[in-house]
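Below is coords25.cif, which holds mmCIF, N, CA and C atoms.
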```
data_run
#
loop_
_atom_site.label_atom_id
_atom_site.label_comp_id
_atom_site.auth_asym_id
_atom_site.auth_seq_id
_atom_site.Cartn_x
_atom_site.Cartn_y
_atom_site.Cartn_z
N MET A 1 19.74 35.06 5.53
CA MET A 1 19.45 36.43 5.88
C MET A 1 20.27 37.39 5.03
N GLY A 2 21.49 36.96 4.66
CA GLY A 2 22.34 37.81 3.85
C GLY A 2 21.74 38.10 2.48
N ARG A 3 21.05 37.10 1.92
CA ARG A 3 20.43 37.30 0.61
C ARG A 3 19.31 38.34 0.70
N LEU A 4 18.58 38.33 1.82
CA LEU A 4 17.51 39.31 2.02
C LEU A 4 18.09 40.72 2.02
N TYR A 5 19.19 40.91 2.73
CA TYR A 5 19.83 42.23 2.76
C TYR A 5 20.29 42.64 1.37
N PHE A 6 20.81 41.67 0.61
CA PHE A 6 21.26 41.94 -0.74
C PHE A 6 20.09 42.40 -1.61
N ILE A 7 18.95 41.71 -1.49
CA ILE A 7 17.77 42.06 -2.28
C ILE A 7 17.27 43.45 -1.91
N VAL A 8 17.23 43.73 -0.61
CA VAL A 8 16.78 45.05 -0.16
C VAL A 8 17.72 46.13 -0.70
N ALA A 9 19.02 45.88 -0.65
CA ALA A 9 19.98 46.84 -1.19
C ALA A 9 19.77 47.06 -2.68
N LEU A 10 19.51 45.98 -3.42
CA LEU A 10 19.25 46.11 -4.86
C LEU A 10 17.99 46.93 -5.13
N LEU A 11 16.95 46.69 -4.34
CA LEU A 11 15.71 47.44 -4.52
C LEU A 11 15.92 48.92 -4.23
N ILE A 12 16.68 49.22 -3.19
CA ILE A 12 16.99 50.63 -2.87
C ILE A 12 17.76 51.27 -4.01
N MET A 13 18.74 50.54 -4.55
CA MET A 13 19.51 51.08 -5.68
C MET A 13 18.61 51.30 -6.88
N LEU A 14 17.71 50.38 -7.12
CA LEU A 14 16.79 50.49 -8.26
C LEU A 14 15.95 51.75 -8.15
N PHE A 15 15.34 51.95 -6.99
CA PHE A 15 14.45 53.10 -6.83
C PHE A 15 15.22 54.41 -6.77
N THR A 16 16.43 54.40 -6.20
CA THR A 16 17.25 55.60 -6.18
C THR A 16 17.61 56.00 -7.60
N ASN A 17 18.03 55.03 -8.41
CA ASN A 17 18.40 55.33 -9.80
C ASN A 17 17.19 55.72 -10.63
N ARG A 18 16.04 55.14 -10.37
CA ARG A 18 14.84 55.49 -11.13
C ARG A 18 14.47 56.95 -10.88
N VAL A 19 14.59 57.39 -9.65
CA VAL A 19 14.28 58.78 -9.32
C VAL A 19 15.23 59.71 -10.07
N GLN A 20 16.48 59.29 -10.23
CA GLN A 20 17.47 60.10 -10.92
C GLN A 20 17.38 59.95 -12.44
N GLY A 21 16.46 59.12 -12.91
CA GLY A 21 16.29 58.93 -14.34
C GLY A 21 17.27 57.96 -14.96
N GLN A 22 17.99 57.19 -14.13
CA GLN A 22 18.95 56.22 -14.63
C GLN A 22 18.44 54.83 -14.32
N HIS A 23 18.85 53.87 -15.14
CA HIS A 23 18.43 52.49 -14.91
C HIS A 23 19.66 51.60 -14.95
N SER A 24 20.43 51.58 -13.87
CA SER A 24 21.64 50.76 -13.86
C SER A 24 21.34 49.33 -13.46
N LEU A 25 20.18 49.08 -12.86
CA LEU A 25 19.81 47.74 -12.45
C LEU A 25 18.65 47.27 -13.31
N LYS A 26 18.88 46.25 -14.10
CA LYS A 26 17.84 45.76 -15.00
C LYS A 26 17.14 44.58 -14.37
N PHE A 27 15.83 44.54 -14.51
CA PHE A 27 15.06 43.40 -14.03
C PHE A 27 13.88 43.19 -14.94
N ASP A 28 13.39 41.97 -14.91
CA ASP A 28 12.24 41.61 -15.73
C ASP A 28 11.32 40.71 -14.92
N LEU A 29 10.04 40.81 -15.22
CA LEU A 29 9.09 39.82 -14.73
C LEU A 29 9.03 38.74 -15.79
N LEU A 30 9.42 37.55 -15.43
CA LEU A 30 9.48 36.45 -16.38
C LEU A 30 8.56 35.32 -15.95
N PRO A 31 7.91 34.67 -16.92
CA PRO A 31 7.05 33.54 -16.55
C PRO A 31 7.88 32.35 -16.11
N ILE A 32 7.41 31.66 -15.09
CA ILE A 32 8.08 30.44 -14.64
C ILE A 32 7.83 29.34 -15.66
N ASP A 33 6.61 29.28 -16.15
CA ASP A 33 6.19 28.24 -17.07
C ASP A 33 5.53 28.93 -18.27
N LYS A 34 5.98 28.64 -19.45
CA LYS A 34 5.47 29.32 -20.65
C LYS A 34 3.98 29.08 -20.87
N THR A 35 3.44 28.03 -20.27
CA THR A 35 2.02 27.73 -20.47
C THR A 35 1.13 28.47 -19.48
N ASP A 36 1.72 29.17 -18.52
CA ASP A 36 0.95 29.83 -17.47
C ASP A 36 1.35 31.28 -17.38
N SER A 37 0.50 32.17 -17.88
CA SER A 37 0.84 33.59 -17.89
C SER A 37 0.76 34.22 -16.50
N LEU A 38 0.15 33.54 -15.53
CA LEU A 38 0.07 34.11 -14.19
C LEU A 38 1.34 33.88 -13.39
N GLY A 39 2.00 32.77 -13.58
CA GLY A 39 3.15 32.41 -12.76
C GLY A 39 4.37 33.24 -13.08
N LEU A 40 4.53 34.35 -12.40
CA LEU A 40 5.65 35.25 -12.67
C LEU A 40 6.60 35.29 -11.48
N PHE A 41 7.87 35.46 -11.76
CA PHE A 41 8.83 35.70 -10.70
C PHE A 41 9.70 36.88 -11.12
N LEU A 42 10.29 37.53 -10.16
CA LEU A 42 11.15 38.67 -10.45
C LEU A 42 12.56 38.16 -10.61
N GLU A 43 13.19 38.52 -11.72
CA GLU A 43 14.55 38.08 -11.96
C GLU A 43 15.42 39.30 -12.26
N PHE A 44 16.44 39.48 -11.45
CA PHE A 44 17.43 40.52 -11.71
C PHE A 44 18.48 39.94 -12.63
N THR A 45 19.05 40.75 -13.48
CA THR A 45 20.06 40.24 -14.40
C THR A 45 21.28 39.74 -13.61
N GLU A 46 21.51 40.28 -12.42
CA GLU A 46 22.65 39.87 -11.61
C GLU A 46 22.38 38.58 -10.85
N MET A 47 21.12 38.16 -10.74
CA MET A 47 20.76 36.97 -9.97
C MET A 47 19.89 36.07 -10.83
N LYS A 48 20.21 34.81 -10.87
CA LYS A 48 19.40 33.83 -11.61
C LYS A 48 18.85 32.82 -10.62
N LEU A 49 17.61 32.41 -10.84
CA LEU A 49 17.02 31.39 -9.98
C LEU A 49 17.57 30.02 -10.34
N THR A 50 17.83 29.22 -9.33
CA THR A 50 18.24 27.84 -9.56
C THR A 50 17.01 27.03 -9.96
N PRO A 51 17.21 25.87 -10.57
CA PRO A 51 16.05 25.02 -10.89
C PRO A 51 15.23 24.69 -9.64
N GLU A 52 15.90 24.49 -8.51
CA GLU A 52 15.18 24.21 -7.26
C GLU A 52 14.31 25.39 -6.84
N GLU A 53 14.84 26.61 -6.98
CA GLU A 53 14.05 27.80 -6.65
C GLU A 53 12.84 27.93 -7.57
N LYS A 54 13.04 27.69 -8.86
CA LYS A 54 11.92 27.78 -9.81
C LYS A 54 10.82 26.81 -9.43
N GLU A 55 11.19 25.60 -9.01
CA GLU A 55 10.18 24.62 -8.59
C GLU A 55 9.43 25.12 -7.37
N ARG A 56 10.11 25.78 -6.45
CA ARG A 56 9.45 26.33 -5.26
C ARG A 56 8.47 27.45 -5.65
N HIS A 57 8.87 28.28 -6.60
CA HIS A 57 7.98 29.34 -7.08
C HIS A 57 6.74 28.74 -7.73
N LYS A 58 6.91 27.67 -8.51
CA LYS A 58 5.76 27.01 -9.14
C LYS A 58 4.78 26.52 -8.10
N LEU A 59 5.30 26.00 -6.98
CA LEU A 59 4.42 25.54 -5.91
C LEU A 59 3.59 26.69 -5.33
N ILE A 60 4.22 27.85 -5.17
CA ILE A 60 3.49 29.02 -4.66
C ILE A 60 2.39 29.41 -5.63
N TRP A 61 2.68 29.36 -6.93
CA TRP A 61 1.68 29.75 -7.93
C TRP A 61 0.55 28.73 -8.07
N LYS A 62 0.69 27.56 -7.46
CA LYS A 62 -0.40 26.57 -7.46
C LYS A 62 -1.40 26.82 -6.34
N ILE A 63 -1.06 27.69 -5.40
CA ILE A 63 -1.95 28.00 -4.28
C ILE A 63 -3.12 28.83 -4.81
N GLU A 64 -4.32 28.38 -4.54
CA GLU A 64 -5.52 29.02 -5.09
C GLU A 64 -5.60 30.50 -4.72
N GLN A 65 -5.29 30.84 -3.48
CA GLN A 65 -5.36 32.24 -3.05
C GLN A 65 -4.40 33.12 -3.85
N VAL A 66 -3.22 32.61 -4.14
CA VAL A 66 -2.24 33.35 -4.94
C VAL A 66 -2.78 33.56 -6.35
N ARG A 67 -3.30 32.50 -6.94
CA ARG A 67 -3.82 32.60 -8.31
C ARG A 67 -5.00 33.57 -8.39
N GLN A 68 -5.90 33.49 -7.42
CA GLN A 68 -7.06 34.38 -7.44
C GLN A 68 -6.63 35.85 -7.24
N SER A 69 -5.68 36.08 -6.36
CA SER A 69 -5.18 37.44 -6.15
C SER A 69 -4.53 37.98 -7.42
N ALA A 70 -3.74 37.13 -8.08
CA ALA A 70 -3.06 37.55 -9.31
C ALA A 70 -4.07 37.88 -10.41
N ILE A 71 -5.12 37.06 -10.53
CA ILE A 71 -6.16 37.32 -11.54
C ILE A 71 -6.86 38.63 -11.24
N SER A 72 -7.21 38.85 -9.99
CA SER A 72 -7.89 40.08 -9.59
C SER A 72 -7.01 41.31 -9.87
N LEU A 73 -5.73 41.21 -9.54
CA LEU A 73 -4.82 42.32 -9.78
C LEU A 73 -4.63 42.57 -11.28
N LYS A 74 -4.51 41.48 -12.05
CA LYS A 74 -4.31 41.61 -13.50
C LYS A 74 -5.48 42.35 -14.14
N LYS A 75 -6.71 42.10 -13.65
CA LYS A 75 -7.89 42.80 -14.16
C LYS A 75 -7.79 44.30 -13.92
N LYS A 76 -7.05 44.69 -12.90
CA LYS A 76 -6.85 46.11 -12.57
C LYS A 76 -5.59 46.67 -13.23
N GLY A 77 -4.91 45.84 -14.02
CA GLY A 77 -3.70 46.29 -14.70
C GLY A 77 -2.46 46.26 -13.82
N VAL A 78 -2.50 45.48 -12.74
CA VAL A 78 -1.37 45.40 -11.81
C VAL A 78 -0.75 44.01 -11.93
N ASP A 79 0.59 43.97 -12.09
CA ASP A 79 1.29 42.69 -12.14
C ASP A 79 1.53 42.17 -10.73
N ALA A 80 1.41 40.87 -10.58
CA ALA A 80 1.76 40.19 -9.33
C ALA A 80 2.95 39.28 -9.64
N PHE A 81 3.82 39.09 -8.66
CA PHE A 81 4.98 38.24 -8.87
C PHE A 81 5.45 37.65 -7.56
N THR A 82 6.28 36.62 -7.67
CA THR A 82 6.94 36.04 -6.51
C THR A 82 8.43 36.32 -6.61
N MET A 83 9.06 36.40 -5.45
CA MET A 83 10.49 36.65 -5.40
C MET A 83 11.06 35.88 -4.21
N THR A 84 12.20 35.23 -4.42
CA THR A 84 12.87 34.53 -3.34
C THR A 84 13.46 35.57 -2.39
N ASP A 85 12.98 35.57 -1.15
CA ASP A 85 13.49 36.50 -0.15
C ASP A 85 14.66 35.90 0.61
N GLU A 86 14.60 34.60 0.88
CA GLU A 86 15.69 33.92 1.58
C GLU A 86 15.81 32.50 1.05
N SER A 87 17.05 32.04 0.96
CA SER A 87 17.32 30.65 0.61
C SER A 87 17.63 29.88 1.89
N PRO A 88 17.54 28.55 1.86
CA PRO A 88 17.78 27.77 3.07
C PRO A 88 19.20 27.96 3.61
N THR A 89 19.30 27.95 4.94
CA THR A 89 20.58 27.99 5.65
C THR A 89 20.52 26.93 6.74
N LYS A 90 21.62 26.73 7.45
CA LYS A 90 21.62 25.78 8.57
C LYS A 90 20.64 26.22 9.65
N GLU A 91 20.56 27.51 9.90
CA GLU A 91 19.68 28.04 10.94
C GLU A 91 18.21 28.04 10.52
N SER A 92 17.96 28.24 9.23
CA SER A 92 16.59 28.32 8.72
C SER A 92 16.51 27.51 7.42
N PRO A 93 16.10 26.24 7.52
CA PRO A 93 16.13 25.37 6.34
C PRO A 93 14.95 25.55 5.39
N TYR A 94 14.55 26.78 5.17
CA TYR A 94 13.38 27.07 4.33
C TYR A 94 13.72 28.04 3.21
N TYR A 95 12.98 27.89 2.11
CA TYR A 95 12.93 28.96 1.13
C TYR A 95 11.84 29.90 1.61
N ILE A 96 12.14 31.18 1.68
CA ILE A 96 11.13 32.19 2.01
C ILE A 96 10.85 32.92 0.70
N ILE A 97 9.59 32.85 0.26
CA ILE A 97 9.20 33.43 -1.02
C ILE A 97 8.08 34.43 -0.78
N GLY A 98 8.30 35.65 -1.24
CA GLY A 98 7.29 36.70 -1.10
C GLY A 98 6.40 36.75 -2.33
N PHE A 99 5.15 37.09 -2.11
CA PHE A 99 4.19 37.32 -3.18
C PHE A 99 3.90 38.81 -3.18
N TYR A 100 4.16 39.48 -4.30
CA TYR A 100 4.13 40.93 -4.39
C TYR A 100 3.22 41.43 -5.50
N GLU A 101 2.83 42.68 -5.39
CA GLU A 101 2.22 43.39 -6.50
C GLU A 101 3.20 44.49 -6.90
N MET A 102 3.25 44.78 -8.20
CA MET A 102 4.15 45.82 -8.69
C MET A 102 3.33 47.03 -9.10
N LEU A 103 3.50 48.08 -8.35
CA LEU A 103 2.87 49.35 -8.70
C LEU A 103 3.89 50.18 -9.46
N GLU A 104 3.53 51.38 -9.84
CA GLU A 104 4.41 52.19 -10.69
C GLU A 104 5.82 52.35 -10.14
N GLU A 105 5.94 52.72 -8.91
CA GLU A 105 7.26 53.01 -8.34
C GLU A 105 7.63 52.15 -7.15
N GLN A 106 6.85 51.11 -6.87
CA GLN A 106 7.16 50.31 -5.69
C GLN A 106 6.59 48.91 -5.80
N PHE A 107 7.12 48.03 -4.96
CA PHE A 107 6.59 46.69 -4.80
C PHE A 107 5.90 46.64 -3.45
N ASN A 108 4.77 45.99 -3.38
CA ASN A 108 4.08 45.77 -2.11
C ASN A 108 3.97 44.29 -1.86
N ARG A 109 4.41 43.86 -0.69
CA ARG A 109 4.31 42.45 -0.33
C ARG A 109 2.86 42.15 0.04
N LEU A 110 2.31 41.13 -0.59
CA LEU A 110 0.95 40.70 -0.30
C LEU A 110 0.92 39.52 0.66
N ASP A 111 1.92 38.65 0.56
CA ASP A 111 1.98 37.49 1.43
C ASP A 111 3.40 36.96 1.44
N THR A 112 3.70 36.16 2.47
CA THR A 112 5.01 35.53 2.61
C THR A 112 4.81 34.05 2.86
N TYR A 113 5.57 33.24 2.14
CA TYR A 113 5.48 31.79 2.27
C TYR A 113 6.86 31.22 2.58
N ARG A 114 6.85 30.10 3.29
CA ARG A 114 8.09 29.35 3.46
C ARG A 114 7.84 27.91 3.05
N ILE A 115 8.86 27.35 2.42
CA ILE A 115 8.75 25.99 1.90
C ILE A 115 9.90 25.18 2.48
N SER A 116 9.56 24.06 3.11
CA SER A 116 10.57 23.19 3.71
C SER A 116 11.14 22.24 2.67
N LYS A 117 12.14 21.47 3.09
CA LYS A 117 12.76 20.50 2.18
C LYS A 117 11.76 19.45 1.71
N ASP A 118 10.79 19.11 2.56
CA ASP A 118 9.79 18.12 2.17
C ASP A 118 8.61 18.75 1.42
N LEU A 119 8.78 20.01 1.01
CA LEU A 119 7.83 20.77 0.19
C LEU A 119 6.54 21.15 0.94
N THR A 120 6.60 21.18 2.25
CA THR A 120 5.50 21.70 3.05
C THR A 120 5.50 23.22 2.91
N ILE A 121 4.33 23.77 2.64
CA ILE A 121 4.21 25.23 2.47
C ILE A 121 3.45 25.81 3.65
N GLU A 122 3.99 26.91 4.17
CA GLU A 122 3.33 27.64 5.24
C GLU A 122 3.26 29.11 4.86
N SER A 123 2.19 29.76 5.30
CA SER A 123 2.00 31.19 5.06
C SER A 123 2.20 31.91 6.38
N TYR A 124 2.82 33.09 6.31
CA TYR A 124 3.06 33.85 7.53
C TYR A 124 1.84 34.70 7.86
N ASP A 125 1.33 34.53 9.07
CA ASP A 125 0.22 35.31 9.57
C ASP A 125 0.79 36.48 10.36
N PHE A 126 0.78 37.67 9.75
CA PHE A 126 1.40 38.84 10.37
C PHE A 126 0.68 39.27 11.64
N LEU A 127 -0.63 39.12 11.68
CA LEU A 127 -1.40 39.54 12.85
C LEU A 127 -1.08 38.71 14.09
N ASN A 128 -0.92 37.40 13.89
CA ASN A 128 -0.68 36.50 15.03
C ASN A 128 0.79 36.09 15.15
N ASP A 129 1.64 36.60 14.26
CA ASP A 129 3.07 36.31 14.28
C ASP A 129 3.34 34.80 14.31
N MET A 130 2.74 34.10 13.34
CA MET A 130 2.94 32.65 13.28
C MET A 130 2.79 32.15 11.84
N TRP A 131 3.35 30.97 11.59
CA TRP A 131 3.24 30.31 10.30
C TRP A 131 2.08 29.33 10.33
N THR A 132 1.28 29.32 9.25
CA THR A 132 0.15 28.38 9.17
C THR A 132 0.28 27.55 7.90
N HIS A 133 -0.09 26.28 8.01
CA HIS A 133 0.00 25.33 6.89
C HIS A 133 -0.91 25.76 5.74
N VAL A 134 -0.41 25.59 4.52
CA VAL A 134 -1.17 25.91 3.31
C VAL A 134 -1.31 24.63 2.49
N LYS A 135 -2.53 24.33 2.08
CA LYS A 135 -2.75 23.17 1.21
C LYS A 135 -2.43 23.57 -0.22
N HIS A 136 -1.80 22.64 -0.92
CA HIS A 136 -1.49 22.87 -2.34
C HIS A 136 -1.67 21.63 -3.15
#
```
Please express the file's structure as structure tokens.
Amino acid sequence: MGRLYFIVALLIMLFTNRVQGQHSLKFDLLPIDKTDSLGLFLEFTEMKLTPEEKERHKLIWKIEQVRQSAISLKKKGVDAFTMTDESPTKESPYYIIGFYEMLEEQFNRLDTYRISKDLTIESYDFLNDMWTHVKH
């Protein structure tokens, strides 16, 4: 949960500085795999993804719904990306990875996934407040 607060704080700093015309927080959308232009993740210069995190992001990008959404957004000139929202803890042994679209001045979450140690992927259903299994 602490990492989520850190990410939110970084995003607030980013947008606050952007409004002021300063860019003290640098970030890039980088491909996870050089052979796949769709598989993007957000990387802040202050935070690097571990090899384990990169593998989890690759699993998210293999989900057909994610790929189709990214293709549709790309046709409209909008980048889609994944970002690690939470890393596993004793209380929550999952990677929580968000799937986002990047608009001019903001990120919008399109979906949220959690990945267990055995690589089971679940998507969060906001309407029913529950996790549902995702085939990959």
Practice task
Go ahead and compute the interatomic distance for atom CA of A:Lys48 and atom C of A:Ser72, in Å to one decimal.
Solution key: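 These atoms are spaced 27.5 Å apart.
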Completion exercise
Between atom CA of A:Ser69 and atom C of A:Ser116 lies a distance of 24.0 Å
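From atom CA of A:Lys74 back to atom CA of A:Tyr94, the distance works out to 29.0 Å.
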Problem - Hits from the PyMOL selection byres ((chain A and resi 115) around 8), listed as a list in words - result: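 Applying the PyMOL selection byres ((chain A and resi 115) around 8) to the structure shown produces Arg56, Pro93, Tyr94, Tyr95, Ile96, Ile97, Thr112, Tyr113, Arg114, Ser116, Lys117, Asp118, Leu119, Thr120, Ile121, Glu122 and Ser123 of chain A.
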